[in-house]
>>> print(open('query.cif').read())   # mmCIF, C-alpha atoms and all ligand atoms
data_query
#
loop_
_atom_site.label_atom_id
_atom_site.label_comp_id
_atom_site.auth_asym_id
_atom_site.auth_seq_id
_atom_site.Cartn_x
_atom_site.Cartn_y
_atom_site.Cartn_z
CA MET B 172 113.80 100.49 97.36
CA PRO B 173 115.13 103.00 94.79
CA TYR B 174 118.89 103.51 94.68
CA ASP B 175 119.99 106.35 97.01
CA ARG B 176 122.76 108.39 95.33
CA SER B 177 123.83 109.87 98.67
CA ASN B 178 125.27 106.58 99.99
CA ILE B 179 128.98 106.67 100.91
CA PHE B 180 130.14 104.38 98.05
CA ALA B 181 128.24 106.48 95.47
CA LYS B 182 130.23 109.47 96.79
CA ILE B 183 133.51 107.51 96.49
CA LEU B 184 132.58 106.45 92.92
CA ARG B 185 131.88 110.11 92.01
CA GLY B 186 135.24 111.13 93.53
CA GLU B 187 133.56 113.28 96.19
CA ILE B 188 135.29 111.50 99.06
CA PRO B 189 138.67 109.73 99.01
CA CYS B 190 139.49 106.04 99.14
CA VAL B 191 142.68 103.98 99.19
CA LYS B 192 142.31 102.65 95.65
CA ILE B 193 143.49 99.18 94.61
CA TYR B 194 142.09 98.76 91.09
CA GLU B 195 139.75 100.43 88.63
CA ASP B 196 138.39 99.60 85.18
CA ASP B 197 135.41 100.83 83.18
CA LYS B 198 132.88 98.73 85.12
CA THR B 199 134.38 98.28 88.62
CA LEU B 200 136.38 99.92 91.43
CA ALA B 201 138.27 98.22 94.29
CA PHE B 202 139.53 99.98 97.44
CA MET B 203 140.57 99.22 101.02
CA ASP B 204 137.81 98.87 103.62
CA VAL B 205 138.32 101.56 106.31
CA MET B 206 136.86 99.27 108.96
CA PRO B 207 138.82 96.14 108.12
CA GLN B 208 137.89 92.77 109.55
CA ALA B 209 141.43 91.62 108.71
CA GLU B 210 144.55 93.32 107.34
CA GLY B 211 144.10 93.59 103.57
CA HIS B 212 140.26 93.67 103.66
CA THR B 213 139.30 95.09 100.25
CA LEU B 214 135.95 96.00 98.67
CA VAL B 215 134.97 95.51 95.02
CA LEU B 216 132.10 97.58 93.59
CA PRO B 217 130.37 97.85 90.25
CA LYS B 218 130.15 101.40 88.87
CA GLU B 219 126.52 100.68 88.02
CA GLU B 220 124.11 102.29 90.47
CA ALA B 221 122.68 99.17 92.09
CA GLU B 222 121.74 98.62 95.69
CA ASP B 223 122.02 94.84 95.84
CA ILE B 224 122.33 91.59 93.89
CA PHE B 225 118.64 91.76 92.97
CA SER B 226 118.93 95.05 91.09
CA LEU B 227 122.39 94.49 89.54
CA SER B 228 122.61 93.79 85.80
CA PRO B 229 124.10 90.44 84.73
CA ALA B 230 126.91 92.31 82.91
CA SER B 231 127.92 94.16 86.10
CA ALA B 232 127.59 90.96 88.15
CA ALA B 233 130.07 89.32 85.78
CA ALA B 234 132.41 92.33 85.98
CA VAL B 235 132.33 92.33 89.81
CA ILE B 236 133.23 88.64 90.10
CA GLN B 237 136.03 89.05 87.55
CA THR B 238 137.52 91.97 89.49
CA ALA B 239 136.98 90.15 92.79
CA GLN B 240 138.96 87.18 91.44
CA LYS B 241 141.80 89.45 90.31
CA VAL B 242 141.84 91.32 93.64
CA ALA B 243 141.55 88.12 95.71
CA LYS B 244 144.69 86.73 94.02
CA ALA B 245 146.56 89.97 94.75
CA VAL B 246 145.32 90.15 98.37
CA LYS B 247 146.42 86.54 98.92
CA ALA B 248 149.85 87.21 97.42
CA ALA B 249 150.37 90.46 99.33
CA THR B 250 149.20 89.24 102.75
CA GLY B 251 150.39 85.64 102.56
CA ALA B 252 146.99 84.58 103.92
CA PRO B 253 146.28 80.87 103.37
CA GLY B 254 142.59 81.63 102.78
CA VAL B 255 140.55 84.45 101.26
CA MET B 256 136.84 84.89 101.93
CA LEU B 257 134.46 86.64 99.49
CA VAL B 258 131.28 87.94 101.13
CA GLN B 259 128.40 89.97 99.72
CA LEU B 260 125.43 91.07 101.85
CA ASN B 261 121.94 91.95 100.58
CA GLY B 262 119.54 93.89 102.81
CA LYS B 263 119.65 95.09 106.40
CA ALA B 264 118.54 91.68 107.61
CA ALA B 265 121.69 90.21 106.04
CA GLY B 266 123.88 92.87 107.67
CA GLN B 267 124.25 95.22 104.67
CA SER B 268 125.03 98.73 105.90
CA VAL B 269 126.04 100.56 102.69
CA PHE B 270 123.42 100.38 99.98
CA HIS B 271 125.59 100.24 96.89
CA ILE B 272 126.33 96.58 96.19
CA HIS B 273 129.88 95.51 97.08
CA MET B 274 131.90 92.33 97.49
CA HIS B 275 134.15 91.97 100.52
CA VAL B 276 137.54 90.32 99.89
CA ILE B 277 138.87 89.27 103.29
CA PRO B 278 142.14 87.42 103.99
CA ARG B 279 141.74 84.57 106.48
CA HIS B 280 144.30 82.87 108.71
CA HIS B 281 144.07 79.59 110.59
CA GLY B 282 142.80 79.99 114.15
CA ILE B 283 141.81 83.66 113.78
CA ASP B 284 138.06 84.21 114.11
CA LEU B 285 136.38 86.96 112.18
CA GLU B 286 134.37 89.63 113.94
CA PHE B 287 131.57 90.67 111.62
CA HIS B 288 131.14 94.41 111.16
CA GLU B 289 134.35 95.78 112.58
CA ARG B 290 133.69 99.39 113.53
CA ASN B 291 137.18 100.76 114.15
CA MET B 292 138.11 103.28 111.46
CA VAL B 293 141.67 102.88 110.18
CA PRO B 294 143.37 105.98 108.71
CA ALA B 295 144.45 105.95 105.05
CA GLU B 296 148.15 106.23 106.02
CA THR B 297 147.86 102.92 107.89
CA LEU B 298 146.09 101.20 104.96
CA GLU B 299 148.41 102.55 102.25
CA PRO B 300 151.53 100.33 102.68
CA LEU B 301 149.58 97.07 102.32
CA ALA B 302 147.43 98.63 99.56
CA ALA B 303 150.66 99.33 97.64
CA LYS B 304 151.68 95.67 98.06
CA ILE B 305 148.27 94.48 96.81
CA ARG B 306 148.42 96.83 93.80
CA ALA B 307 151.90 95.53 93.00
CA ALA B 308 150.56 91.95 93.08
CA LEU B 309 147.68 92.60 90.62
P1 LIG B 401 128.35 96.04 104.47
O1 LIG B 401 128.08 95.84 105.91
O2 LIG B 401 128.45 94.74 103.70
O3 LIG B 401 127.38 97.01 103.84
O4 LIG B 401 129.81 96.67 104.41
C1 LIG B 401 130.11 98.02 104.40
C2 LIG B 401 131.61 98.11 104.59
O5 LIG B 401 132.02 99.38 104.16
C3 LIG B 401 132.08 97.96 106.04
O6 LIG B 401 133.00 96.88 106.11
C4 LIG B 401 132.78 99.26 106.34
C5 LIG B 401 133.05 99.86 104.99
N1 LIG B 401 132.96 101.30 104.93
C6 LIG B 401 132.00 102.09 105.49
N2 LIG B 401 132.23 103.39 105.20
C7 LIG B 401 133.35 103.41 104.43
C8 LIG B 401 134.09 104.47 103.81
O7 LIG B 401 133.78 105.65 103.91
N3 LIG B 401 135.21 104.10 103.11
C9 LIG B 401 135.60 102.79 102.97
N4 LIG B 401 136.70 102.56 102.27
N5 LIG B 401 134.93 101.79 103.54
C10 LIG B 401 133.81 102.08 104.26
#
>>> encode(input="query.cif", output="C-alpha cells")
Amino acid sequence: MPYDRSNIFAKILRGEIPCVKIYEDDKTLAFMDVMPQAEGHTLVLPKEEAEDIFSLSPASAAAVIQTAQKVAKAVKAATGAPGVMLVQLNGKAAGQSVFHIHMHVIPRHHGIDLEFHERNMVPAETLEPLAAKIRAAL
C-alpha cells in the first residue's frame, strides 16, 4: 500500500496538528499517546514517510530504536515503573490503526494488566505534567 500523507501522525510531523512533544532530532519525533494504555505511554516515530517496518529504511529503523531506548530510560525514570514495554504493530491484522510506523513505549507495573487499544482520549493538559518529567529525565 502506498504511504498515505493524510494519516494523523503525518499531520503531527508536518506541524498541522499539535502533540505533547517529548523529544525530537533530525530523524525522529517522540510524543505522548493521547489514548494511553498506561500513564507515560509515549510514541516514537521516524520522520521518514513509511507505513510499517517493511517499508522503513535501515537508517530510520536504527534511528527509531536509538530514540526509543533514550525515551524508554526517561519514561522509566519519570514514572518509576519497574518495567517498560516496547511494541510496534504492522498491518491491520496486527492491530495497527495509524499507518505511519511508530514504536509504543509503555510503562508496566506488577499486577496491572494492559488493555490493548485504549480509546479514551486524554487532554494535553492532563498529559503535560508527566511529559515535563519525562523530558527532564532525557
Ligand atoms: P497503533 O494501534 O499501533 O497504530 O497505535 C496508534 C496509537 O496512536 C494509539 O495508541 C492511539 C494513538 N493516537 C491516535 N491518534 C492520535 C493523535 O492524534 N495524537 C496522539 N498523540 N496519539 C494518537
>>> residues_near_ligand(input="query.cif", ligand="ligand LIG 401 (chain B)", cutoff="9 Å", atoms="all atoms listed in the file", output="count of residues only")
42
>>> closest_residue(input="query.cif", among="B:His281, B:Ala230, B:Val215, B:Ile193", to="Ala302 (chain B)", atoms="only C-alpha atoms")
B:Ile193
>>> residues_near_point(input="query.cif", point="(123.2, 103.3, 95.3)", cutoff="6 Å", atoms="all atoms listed in the file", output="JSON, numbers by chain")
{"B": [174, 175, 176, 181, 220, 221, 222, 270, 271]}
>>> write_last_selection(input="query.cif", atoms="C-alpha atoms", output="compact mmCIF listing (two decimals), in the frame of the given file")
# COMPACT_ATOMS: atom_id res chain seq x y z
CA TYR B 174 118.89 103.51 94.68
CA ASP B 175 119.99 106.35 97.01
CA ARG B 176 122.76 108.39 95.33
CA ALA B 181 128.24 106.48 95.47
CA GLU B 220 124.11 102.29 90.47
CA ALA B 221 122.68 99.17 92.09
CA GLU B 222 121.74 98.62 95.69
CA PHE B 270 123.42 100.38 99.98
CA HIS B 271 125.59 100.24 96.89
>>> atom_distance(input="query.cif", atom1="CA of Val242 (chain B)", atom2="CA of Ala308 (chain B)")
8.8 Å
>>> atom_distance(input="query.cif", atom1="CA of Arg185 (chain B)", atom2="CA of Ala303 (chain B)")
22.4 Å
>>> atom_distance(input="query.cif", atom1="CA of Asp197 (chain B)", atom2="CA of Lys218 (chain B)")
7.8 Å
>>> closest_residue(input="query.cif", among="B:Leu298, B:Leu184, B:Ala209, B:Val293", to="Val276 (chain B)", atoms="only C-alpha atoms")
B:Ala209
>>> residues_near_point(input="query.cif", point="(130.5, 91.3, 86.4)", cutoff="12 Å", atoms="all atoms listed in the file", output="PyMOL selection string")
chain B and resi 196-200+215-219+224+227-240+272-274
>>> residues_around(input="query.cif", residues="Val246 (chain B)", least_positions_apart="3", cutoff="9 Å", atoms="only C-alpha atoms", output="ChimeraX atom specification")
/B:211-213,241-243,249-252,255,276-278,302,304-306,308-309
